[in-house]
Every structure is written in structure tokens, then in C-alpha cells.
>>> print(open('final_13.cif').read())   # mmCIF, C-alpha atoms, pLDDT in the B column; chains and numbers go by the auth columns
data_input
loop_
_atom_site.group_PDB
_atom_site.id
_atom_site.type_symbol
_atom_site.label_atom_id
_atom_site.label_comp_id
_atom_site.label_asym_id
_atom_site.label_seq_id
_atom_site.Cartn_x
_atom_site.Cartn_y
_atom_site.Cartn_z
_atom_site.B_iso_or_equiv
_atom_site.auth_seq_id
_atom_site.auth_asym_id
ATOM 1 C CA MET A 1 12.880 16.057 17.176 52.00 899 A
ATOM 2 C CA HIS A 2 9.596 17.484 18.428 67.00 900 A
ATOM 3 C CA GLN A 3 8.627 18.559 14.895 71.00 901 A
ATOM 4 C CA SER A 4 9.614 15.132 13.583 82.00 902 A
ATOM 5 C CA LYS A 5 7.393 13.294 16.051 84.00 903 A
ATOM 6 C CA LYS A 6 4.513 15.682 15.371 86.00 904 A
ATOM 7 C CA PHE A 7 4.844 15.079 11.638 88.00 905 A
ATOM 8 C CA ASN A 8 4.927 11.308 12.188 92.00 906 A
ATOM 9 C CA LEU A 9 1.768 11.402 14.300 93.00 907 A
ATOM 10 C CA LEU A 10 -0.055 13.486 11.685 94.00 908 A
ATOM 11 C CA THR A 11 1.069 11.115 8.927 96.00 909 A
ATOM 12 C CA VAL A 12 -0.141 8.089 10.870 96.00 910 A
ATOM 13 C CA ALA A 13 -3.439 9.866 11.543 96.00 911 A
ATOM 14 C CA PHE A 14 -3.930 10.734 7.851 96.00 912 A
ATOM 15 C CA TYR A 15 -3.403 7.175 6.629 98.00 913 A
ATOM 16 C CA LEU A 16 -5.502 5.528 9.311 97.00 914 A
ATOM 17 C CA THR A 17 -8.291 8.096 8.881 97.00 915 A
ATOM 18 C CA VAL A 18 -8.494 7.456 5.139 97.00 916 A
ATOM 19 C CA SER A 19 -8.575 3.709 5.796 97.00 917 A
ATOM 20 C CA LEU A 20 -11.334 4.037 8.394 97.00 918 A
ATOM 21 C CA ILE A 21 -13.402 6.246 6.063 97.00 919 A
ATOM 22 C CA LEU A 22 -13.176 3.545 3.396 97.00 920 A
ATOM 23 C CA VAL A 23 -14.221 0.917 5.945 97.00 921 A
ATOM 24 C CA LEU A 24 -17.223 3.004 7.030 97.00 922 A
ATOM 25 C CA ILE A 25 -18.356 3.529 3.431 96.00 923 A
ATOM 26 C CA SER A 26 -18.040 -0.212 2.864 96.00 924 A
ATOM 27 C CA PHE A 27 -20.235 -0.943 5.860 94.00 925 A
ATOM 28 C CA PHE A 28 -23.018 1.475 5.062 96.00 926 A
ATOM 29 C CA VAL A 29 -23.258 1.291 1.255 96.00 927 A
ATOM 30 C CA PRO A 30 -24.170 -1.996 -0.487 96.00 928 A
ATOM 31 C CA PRO A 31 -21.002 -3.485 -2.030 95.00 929 A
ATOM 32 C CA LEU A 32 -22.371 -3.950 -5.551 95.00 930 A
ATOM 33 C CA GLU A 33 -23.795 -0.427 -5.540 96.00 931 A
ATOM 34 C CA VAL A 34 -20.391 1.061 -4.715 96.00 932 A
ATOM 35 C CA LEU A 35 -18.646 -1.148 -7.238 96.00 933 A
ATOM 36 C CA MET A 36 -21.060 -0.338 -10.069 96.00 934 A
ATOM 37 C CA HIS A 37 -20.775 3.351 -9.279 96.00 935 A
ATOM 38 C CA ILE A 38 -16.966 3.357 -9.438 97.00 936 A
ATOM 39 C CA ASN A 39 -16.859 1.079 -12.484 96.00 937 A
ATOM 40 C CA GLY A 40 -19.451 3.396 -14.052 95.00 938 A
ATOM 41 C CA TRP A 41 -16.902 6.209 -14.160 95.00 939 A
ATOM 42 C CA ASN A 42 -15.575 4.463 -17.266 93.00 940 A
ATOM 43 C CA HIS A 43 -13.622 6.672 -19.608 95.00 941 A
ATOM 44 C CA PRO A 44 -10.603 5.937 -21.843 96.00 942 A
ATOM 45 C CA ALA A 45 -8.405 8.200 -19.705 97.00 943 A
ATOM 46 C CA LEU A 46 -9.426 6.386 -16.522 97.00 944 A
ATOM 47 C CA ASP A 47 -8.946 3.024 -18.204 97.00 945 A
ATOM 48 C CA PHE A 48 -5.370 4.032 -18.982 97.00 946 A
ATOM 49 C CA LEU A 49 -4.758 5.544 -15.539 97.00 947 A
ATOM 50 C CA PHE A 50 -6.162 2.716 -13.454 98.00 948 A
ATOM 51 C CA ALA A 51 -4.742 -0.107 -15.597 97.00 949 A
ATOM 52 C CA GLY A 52 -1.309 1.448 -15.166 97.00 950 A
ATOM 53 C CA ILE A 53 -1.378 2.666 -11.586 98.00 951 A
ATOM 54 C CA THR A 54 -2.753 -0.624 -10.257 98.00 952 A
ATOM 55 C CA THR A 55 0.649 -2.213 -11.005 97.00 953 A
ATOM 56 C CA LEU A 56 2.178 -0.061 -8.255 98.00 954 A
ATOM 57 C CA GLY A 57 0.570 -2.503 -5.840 97.00 955 A
ATOM 58 C CA ASP A 58 2.813 -5.320 -7.063 96.00 956 A
ATOM 59 C CA GLY A 59 5.375 -6.607 -4.580 95.00 957 A
ATOM 60 C CA ILE A 60 8.213 -5.911 -7.026 97.00 958 A
ATOM 61 C CA VAL A 61 7.626 -2.170 -6.531 97.00 959 A
ATOM 62 C CA LEU A 62 8.199 -2.504 -2.784 97.00 960 A
ATOM 63 C CA ALA A 63 11.376 -4.496 -3.470 97.00 961 A
ATOM 64 C CA PHE A 64 12.568 -1.725 -5.808 97.00 962 A
ATOM 65 C CA PHE A 65 12.218 0.906 -3.080 98.00 963 A
ATOM 66 C CA ALA A 66 13.972 -1.399 -0.607 97.00 964 A
ATOM 67 C CA VAL A 67 16.990 -1.302 -2.943 97.00 965 A
ATOM 68 C CA ILE A 68 16.756 2.496 -3.211 96.00 966 A
ATOM 69 C CA LEU A 69 16.734 2.789 0.580 96.00 967 A
ATOM 70 C CA LEU A 70 20.116 1.077 0.747 96.00 968 A
ATOM 71 C CA PHE A 71 21.488 4.450 -0.331 94.00 969 A
ATOM 72 C CA TYR A 72 19.758 6.075 2.648 92.00 970 A
ATOM 73 C CA ARG A 73 20.371 3.634 5.505 93.00 971 A
ATOM 74 C CA PHE A 74 20.634 -0.154 5.610 96.00 972 A
ATOM 75 C CA TYR A 75 18.158 -0.378 8.480 96.00 973 A
ATOM 76 C CA ALA A 76 15.491 1.457 6.449 97.00 974 A
ATOM 77 C CA SER A 77 15.839 -1.055 3.619 97.00 975 A
ATOM 78 C CA ILE A 78 15.633 -3.966 6.084 97.00 976 A
ATOM 79 C CA ALA A 79 12.570 -2.403 7.713 98.00 977 A
ATOM 80 C CA LEU A 80 10.813 -2.030 4.367 98.00 978 A
ATOM 81 C CA LEU A 81 11.635 -5.618 3.406 98.00 979 A
ATOM 82 C CA THR A 82 10.286 -6.749 6.777 98.00 980 A
ATOM 83 C CA ASN A 83 7.178 -4.731 5.980 98.00 981 A
ATOM 84 C CA GLY A 84 6.805 -6.594 2.682 98.00 982 A
ATOM 85 C CA VAL A 85 7.340 -10.039 4.196 98.00 983 A
ATOM 86 C CA ILE A 86 4.748 -9.447 6.931 98.00 984 A
ATOM 87 C CA GLN A 87 2.293 -8.099 4.364 98.00 985 A
ATOM 88 C CA ALA A 88 2.751 -11.160 2.171 97.00 986 A
ATOM 89 C CA LEU A 89 2.252 -13.541 5.100 98.00 987 A
ATOM 90 C CA VAL A 90 -0.885 -11.763 6.332 98.00 988 A
ATOM 91 C CA VAL A 91 -2.424 -11.625 2.859 98.00 989 A
ATOM 92 C CA MET A 92 -1.589 -15.287 2.249 97.00 990 A
ATOM 93 C CA VAL A 93 -3.235 -16.351 5.513 98.00 991 A
ATOM 94 C CA PHE A 94 -6.421 -14.475 4.676 97.00 992 A
ATOM 95 C CA LYS A 95 -6.603 -15.385 1.004 96.00 993 A
ATOM 96 C CA ARG A 96 -5.426 -18.985 1.058 95.00 994 A
ATOM 97 C CA LEU A 97 -6.372 -20.214 4.531 96.00 995 A
ATOM 98 C CA LEU A 98 -9.275 -18.152 5.864 96.00 996 A
ATOM 99 C CA PHE A 99 -11.144 -17.072 2.722 95.00 997 A
ATOM 100 C CA PRO A 100 -9.846 -19.147 -0.227 94.00 998 A
ATOM 101 C CA HIS A 101 -13.297 -19.474 -1.811 93.00 999 A
ATOM 102 C CA ALA A 102 -14.430 -15.883 -1.363 95.00 1000 A
ATOM 103 C CA LEU A 103 -15.793 -14.836 -4.756 96.00 1001 A
ATOM 104 C CA ARG A 104 -14.655 -11.713 -6.518 96.00 1002 A
ATOM 105 C CA PRO A 105 -17.135 -9.164 -7.941 96.00 1003 A
ATOM 106 C CA ILE A 106 -17.290 -10.660 -11.437 95.00 1004 A
ATOM 107 C CA SER A 107 -19.197 -13.650 -10.043 94.00 1005 A
ATOM 108 C CA PHE A 108 -22.101 -11.391 -9.022 94.00 1006 A
ATOM 109 C CA LEU A 109 -22.272 -9.024 -11.989 93.00 1007 A
ATOM 110 C CA ASP A 110 -24.249 -9.000 -15.195 92.00 1008 A
ATOM 111 C CA PRO A 111 -21.660 -8.977 -18.018 89.00 1009 A
ATOM 112 C CA ASP A 112 -23.874 -6.635 -20.028 89.00 1010 A
ATOM 113 C CA LEU A 113 -23.896 -3.967 -17.314 91.00 1011 A
ATOM 114 C CA ILE A 114 -20.194 -3.668 -16.524 94.00 1012 A
ATOM 115 C CA HIS A 115 -17.258 -1.922 -18.100 95.00 1013 A
ATOM 116 C CA ARG A 116 -14.241 -4.127 -18.703 95.00 1014 A
ATOM 117 C CA VAL A 117 -10.849 -2.615 -19.414 95.00 1015 A
ATOM 118 C CA ALA A 118 -9.123 -4.160 -22.414 92.00 1016 A
ATOM 119 C CA GLY A 119 -6.126 -6.297 -21.546 92.00 1017 A
ATOM 120 C CA VAL A 120 -7.049 -6.714 -17.862 93.00 1018 A
ATOM 121 C CA SER A 121 -7.660 -10.308 -16.752 92.00 1019 A
ATOM 122 C CA ILE A 122 -10.332 -10.436 -14.036 93.00 1020 A
ATOM 123 C CA HIS A 123 -9.879 -13.007 -11.265 92.00 1021 A
ATOM 124 C CA ARG A 124 -12.714 -14.938 -9.623 93.00 1022 A
ATOM 125 C CA PHE A 125 -11.542 -16.173 -6.214 95.00 1023 A
ATOM 126 C CA MET A 126 -9.611 -15.085 -3.101 96.00 1024 A
ATOM 127 C CA THR A 127 -11.003 -11.578 -3.045 96.00 1025 A
ATOM 128 C CA PHE A 128 -10.366 -10.705 0.611 97.00 1026 A
ATOM 129 C CA PRO A 129 -8.366 -8.619 1.246 97.00 1027 A
ATOM 130 C CA SER A 130 -6.919 -6.728 -1.716 98.00 1028 A
ATOM 131 C CA GLY A 131 -3.237 -7.643 -1.753 97.00 1029 A
ATOM 132 C CA HIS A 132 -2.357 -4.729 -4.045 98.00 1030 A
ATOM 133 C CA THR A 133 -3.951 -2.325 -1.572 98.00 1031 A
ATOM 134 C CA VAL A 134 -2.137 -3.858 1.391 98.00 1032 A
ATOM 135 C CA THR A 135 1.168 -3.469 -0.453 98.00 1033 A
ATOM 136 C CA ILE A 136 0.709 0.105 -1.667 98.00 1034 A
ATOM 137 C CA PHE A 137 -0.579 1.485 1.649 98.00 1035 A
ATOM 138 C CA GLY A 138 2.188 -0.262 3.583 98.00 1036 A
ATOM 139 C CA LEU A 139 4.788 1.077 1.161 98.00 1037 A
ATOM 140 C CA CYS A 140 3.438 4.632 0.964 98.00 1038 A
ATOM 141 C CA VAL A 141 2.994 5.169 4.694 98.00 1039 A
ATOM 142 C CA PHE A 142 6.504 3.831 5.307 98.00 1040 A
ATOM 143 C CA LEU A 143 8.037 6.150 2.701 98.00 1041 A
ATOM 144 C CA SER A 144 5.985 9.062 4.025 97.00 1042 A
ATOM 145 C CA LEU A 145 7.394 8.545 7.507 97.00 1043 A
ATOM 146 C CA CYS A 146 10.929 8.224 6.122 95.00 1044 A
ATOM 147 C CA THR A 147 10.822 11.368 3.998 93.00 1045 A
ATOM 148 C CA ARG A 148 9.031 13.543 6.576 90.00 1046 A
ATOM 149 C CA SER A 149 7.818 15.781 3.766 93.00 1047 A
ATOM 150 C CA ARG A 150 4.243 17.055 3.698 93.00 1048 A
ATOM 151 C CA GLY A 151 4.216 17.337 -0.064 95.00 1049 A
ATOM 152 C CA VAL A 152 5.573 13.816 -0.561 96.00 1050 A
ATOM 153 C CA THR A 153 3.140 12.455 2.024 97.00 1051 A
ATOM 154 C CA VAL A 154 0.119 13.963 0.254 96.00 1052 A
ATOM 155 C CA MET A 155 1.342 12.668 -3.097 98.00 1053 A
ATOM 156 C CA LEU A 156 1.936 9.153 -1.739 98.00 1054 A
ATOM 157 C CA LEU A 157 -1.429 9.040 0.020 98.00 1055 A
ATOM 158 C CA VAL A 158 -3.186 10.070 -3.204 98.00 1056 A
ATOM 159 C CA ILE A 159 -1.309 7.354 -5.091 98.00 1057 A
ATOM 160 C CA ALA A 160 -2.274 4.751 -2.485 98.00 1058 A
ATOM 161 C CA VAL A 161 -5.944 5.722 -2.697 98.00 1059 A
ATOM 162 C CA LEU A 162 -5.873 5.646 -6.505 98.00 1060 A
ATOM 163 C CA VAL A 163 -4.344 2.165 -6.499 98.00 1061 A
ATOM 164 C CA GLY A 164 -7.067 1.017 -4.108 98.00 1062 A
ATOM 165 C CA LEU A 165 -9.801 2.545 -6.277 98.00 1063 A
ATOM 166 C CA SER A 166 -8.252 0.953 -9.353 98.00 1064 A
ATOM 167 C CA ARG A 167 -8.908 -2.481 -7.869 98.00 1065 A
ATOM 168 C CA VAL A 168 -12.626 -1.662 -7.723 98.00 1066 A
ATOM 169 C CA TYR A 169 -12.752 0.119 -11.093 98.00 1067 A
ATOM 170 C CA LEU A 170 -11.076 -2.888 -12.735 98.00 1068 A
ATOM 171 C CA LEU A 171 -13.624 -5.236 -11.080 97.00 1069 A
ATOM 172 C CA GLN A 172 -10.934 -7.112 -9.152 97.00 1070 A
ATOM 173 C CA HIS A 173 -12.223 -6.342 -5.646 98.00 1071 A
ATOM 174 C CA PHE A 174 -15.112 -5.024 -3.613 98.00 1072 A
ATOM 175 C CA LEU A 175 -14.550 -1.773 -1.753 98.00 1073 A
ATOM 176 C CA MET A 176 -14.504 -3.718 1.545 97.00 1074 A
ATOM 177 C CA ASP A 177 -11.515 -5.742 0.275 98.00 1075 A
ATOM 178 C CA VAL A 178 -9.751 -2.478 -0.510 98.00 1076 A
ATOM 179 C CA ALA A 179 -10.768 -0.773 2.741 98.00 1077 A
ATOM 180 C CA VAL A 180 -9.521 -3.603 4.944 98.00 1078 A
ATOM 181 C CA GLY A 181 -6.410 -3.900 2.779 98.00 1079 A
ATOM 182 C CA SER A 182 -5.623 -0.217 3.308 98.00 1080 A
ATOM 183 C CA LEU A 183 -6.047 -0.602 7.064 98.00 1081 A
ATOM 184 C CA MET A 184 -3.848 -3.714 7.155 98.00 1082 A
ATOM 185 C CA GLY A 185 -1.159 -2.191 4.957 98.00 1083 A
ATOM 186 C CA SER A 186 -1.069 1.096 6.862 98.00 1084 A
ATOM 187 C CA SER A 187 -0.877 -0.672 10.221 98.00 1085 A
ATOM 188 C CA ILE A 188 1.928 -2.993 9.118 98.00 1086 A
ATOM 189 C CA GLY A 189 3.895 -0.174 7.495 98.00 1087 A
ATOM 190 C CA ILE A 190 3.608 2.026 10.587 98.00 1088 A
ATOM 191 C CA ALA A 191 4.580 -0.823 12.912 97.00 1089 A
ATOM 192 C CA CYS A 192 7.661 -1.718 10.856 97.00 1090 A
ATOM 193 C CA TYR A 193 8.796 1.898 10.688 97.00 1091 A
ATOM 194 C CA TYR A 194 8.595 2.403 14.447 96.00 1092 A
ATOM 195 C CA ALA A 195 10.077 -1.024 15.188 95.00 1093 A
ATOM 196 C CA PHE A 196 13.329 0.071 13.506 94.00 1094 A
ATOM 197 C CA GLU A 197 13.488 3.871 13.577 90.00 1095 A
ATOM 198 C CA TYR A 198 13.533 4.595 17.299 86.00 1096 A
ATOM 199 C CA ARG A 199 15.597 1.646 18.522 86.00 1097 A
ATOM 200 C CA SER A 200 19.322 1.495 19.046 89.00 1098 A
ATOM 201 C CA LYS A 201 20.886 -0.264 16.092 90.00 1099 A
ATOM 202 C CA PRO A 202 24.283 -1.820 15.386 91.00 1100 A
ATOM 203 C CA GLN A 203 26.671 0.439 13.503 93.00 1101 A
ATOM 204 C CA TRP A 204 26.458 -1.540 10.265 92.00 1102 A
ATOM 205 C CA MET A 205 22.737 -0.823 10.029 91.00 1103 A
ATOM 206 C CA MET A 206 23.495 2.896 10.129 91.00 1104 A
ATOM 207 C CA GLN A 207 25.729 2.608 7.071 92.00 1105 A
ATOM 208 C CA ARG A 208 24.560 3.240 3.535 91.00 1106 A
ATOM 209 C CA LEU A 209 25.695 2.587 0.005 90.00 1107 A
ATOM 210 C CA GLU A 210 27.414 5.397 -1.834 84.00 1108 A
ATOM 211 C CA TRP A 211 26.279 6.185 -5.358 74.00 1109 A
ATOM 212 C CA LYS A 212 29.629 4.907 -6.594 67.00 1110 A
ATOM 213 C CA GLY A 213 28.843 1.542 -5.046 48.00 1111 A
ATOM 214 C CA LYS A 214 31.009 2.036 -1.961 50.00 1112 A
ATOM 215 C CA ARG A 215 29.818 1.854 1.598 50.00 1113 A
ATOM 216 C CA SER A 216 29.949 5.148 3.424 49.00 1114 A
ATOM 217 C CA SER A 217 32.800 5.403 5.889 45.00 1115 A
ATOM 218 C CA ARG A 218 31.508 8.611 7.454 49.00 1116 A
ATOM 219 C CA PRO A 219 29.894 8.122 10.883 46.00 1117 A
ATOM 220 C CA ASP A 220 26.772 10.118 10.020 50.00 1118 A
ATOM 221 C CA SER A 221 24.857 11.119 13.114 43.00 1119 A
ATOM 222 C CA VAL A 222 21.245 10.163 12.834 43.00 1120 A
ATOM 223 C CA SER A 223 18.752 10.507 15.646 41.00 1121 A
ATOM 224 C CA GLN A 224 17.257 7.228 16.725 38.00 1122 A
#
>>> encode(input="final_13.cif", output="C-alpha cells")
Amino acid sequence: MHQSKKFNLLTVAFYLTVSLILVLISFFVPPLEVLMHINGWNHPALDFLFAGITTLGDGIVLAFFAVILLFYRFYASIALLTNGVIQALVVMVFKRLLFPHALRPISFLDPDLIHRVAGVSIHRFMTFPSGHTVTIFGLCVFLSLCTRSRGVTVMLLVIAVLVGLSRVYLLQHFLMDVAVGSLMGSSIGIACYYAFEYRSKPQWMMQRLEWKGKRSSRPDSVSQ
């Protein structure tokens, strides 16, 4: 249990540190300068990578993992779905109520000086925060805490950062949108994990689906 809590604290620290570093960069470097620098990395391989990996920030990906977690424990799936619902509500409040007219990068850029990735439609409004970044950081930190694997945690954190960078590379968001999104997503994911993991839960929440589609009848002992 001691090792588990130590791992959880380190995981939380890693995600929040990365988010805070992104926020600090966003504060001290002019937004268009950062954006043009990242977009200037343009290369066919990066076009392919970022156009593909950015889709991992879609809400459907979080829903997919919520289904997978049903085979681990019901409460973990419910916690991840709660994570997704809170994320969606927070992003909606910011995008549609607080900053509905916030312009995206394309409104400030010279079309002749940017690199556009073929097949990617660039949006113009509701830039703050990056919803894809909120989703991927919330998902990855939650899965990292569930797996308690250093290797998996590093891999997931790298994926989360790449998805965030893809939003800038593809000209969909400023780095500040991504930085705040990573902080929001990480915070929500951490909160949802702890809200469920270390509380007493009804027995049905401790059940899981068997691979054959049957609910487990074994009273597995899991520390809470």
C-alpha cells in the first residue's frame, strides 16, 4: 500500500509538473511566436503523426476505455465516465459561455507563412481551452493511476503531450489553450480517481465483467 501511494503521488506530480511547465512557457513566450515555431516543424512524417494522434483527444476514446474498464472493476468505469462528463461540462462552460468569441490562431496568421496539413479543417472560434487536451490529459492520468506502472505512465504522458502539441501544430489552438487544458484535464482526472478509489463502495461496484460476458462471482479482495 505504501508503494502504491508513493507511485500515485509521483504520477500526480509528473502530470501537474508538465502542465505547469506548459503554462509557464505560455506566459513568457509570445503566443504567435510559439505557434509559428511548432507549426514550422512541418514535415510529412509529423503531418501524419499529428493528424492521427490528435484524434485520441476525442471523447469517444474516453468512452472506449470506460467500456474496457468494465472488465477491471465497475467503479473504475463509472469513475472514468464521471471524469468525462465533468470535463465536457467544464469545457462547455468555458467555450460556450465564458469565451465563445475567442478567436483561434488562424484569425491572426498570414496564410502565406503557415503550414496547413491536408485534410484538416481549421476552426476559427471558441479556442479556450483545448477540449482535446482536457480529454487526453484527464484520460491518461486516470489510466496511469489505475495501472500503477511506470512504463505505462511514461508512455501515456508522452501521448498526452503529443496530442496537446498536435493542437498547436495543426493551428487549432494557442499553446496557452493547450497548457490550461492539460492542467484542467489532469486535475479532473486525478480528482475523479481519488473520489472513487479510496472510498468504501457497494459490492456491485467491485464486480467486473468476465471476458465471456459473465459477471464475476468471485469476491476479489481489492484494497480501497
>>> residues_around(input="final_13.cif", residues="region 938-950 of chain A", least_positions_apart="6", cutoff="12 Å", atoms="only C-alpha atoms", output="NGL selection string")
:A and (930-932 or 956 or 1011-1020 or 1057-1070)
>>> resolve_selection(input="final_13.cif", expression="the PyMOL selection byres ((chain A and resi 1033) around 8)", output="list in words")
Gly955, Asp956, Gly957, Leu960, Gly982, Gln985, Gly1029, His1030, Thr1031, Val1032, Ile1034, Phe1035, Gly1036, Leu1037 and Gly1083 of chain A
>>> resolve_selection(input="final_13.cif", expression="the PyMOL selection byres ((chain A and resi 910) around 10)", output="PyMOL selection string")
chain A and resi 904-909+911-915+1039-1040+1042-1043+1084-1085+1087-1088
>>> atom_distance(input="final_13.cif", atom1="CA of Ile1086 (chain A)", atom2="CA of Met1104 (chain A)")
22.4 Å
>>> residues_around(input="final_13.cif", residues="His1071 (chain A)", least_positions_apart="6", cutoff="9 Å", atoms="only C-alpha atoms", output="number ranges by chain")
A: 933, 1002-1004, 1025-1028, 1065
>>> closest_residue(input="final_13.cif", among="A:Tyr1091, A:Pro998, A:Leu967, A:Arg1022", to="Asn981 (chain A)", atoms="all atoms listed in the file")
A:Tyr1091
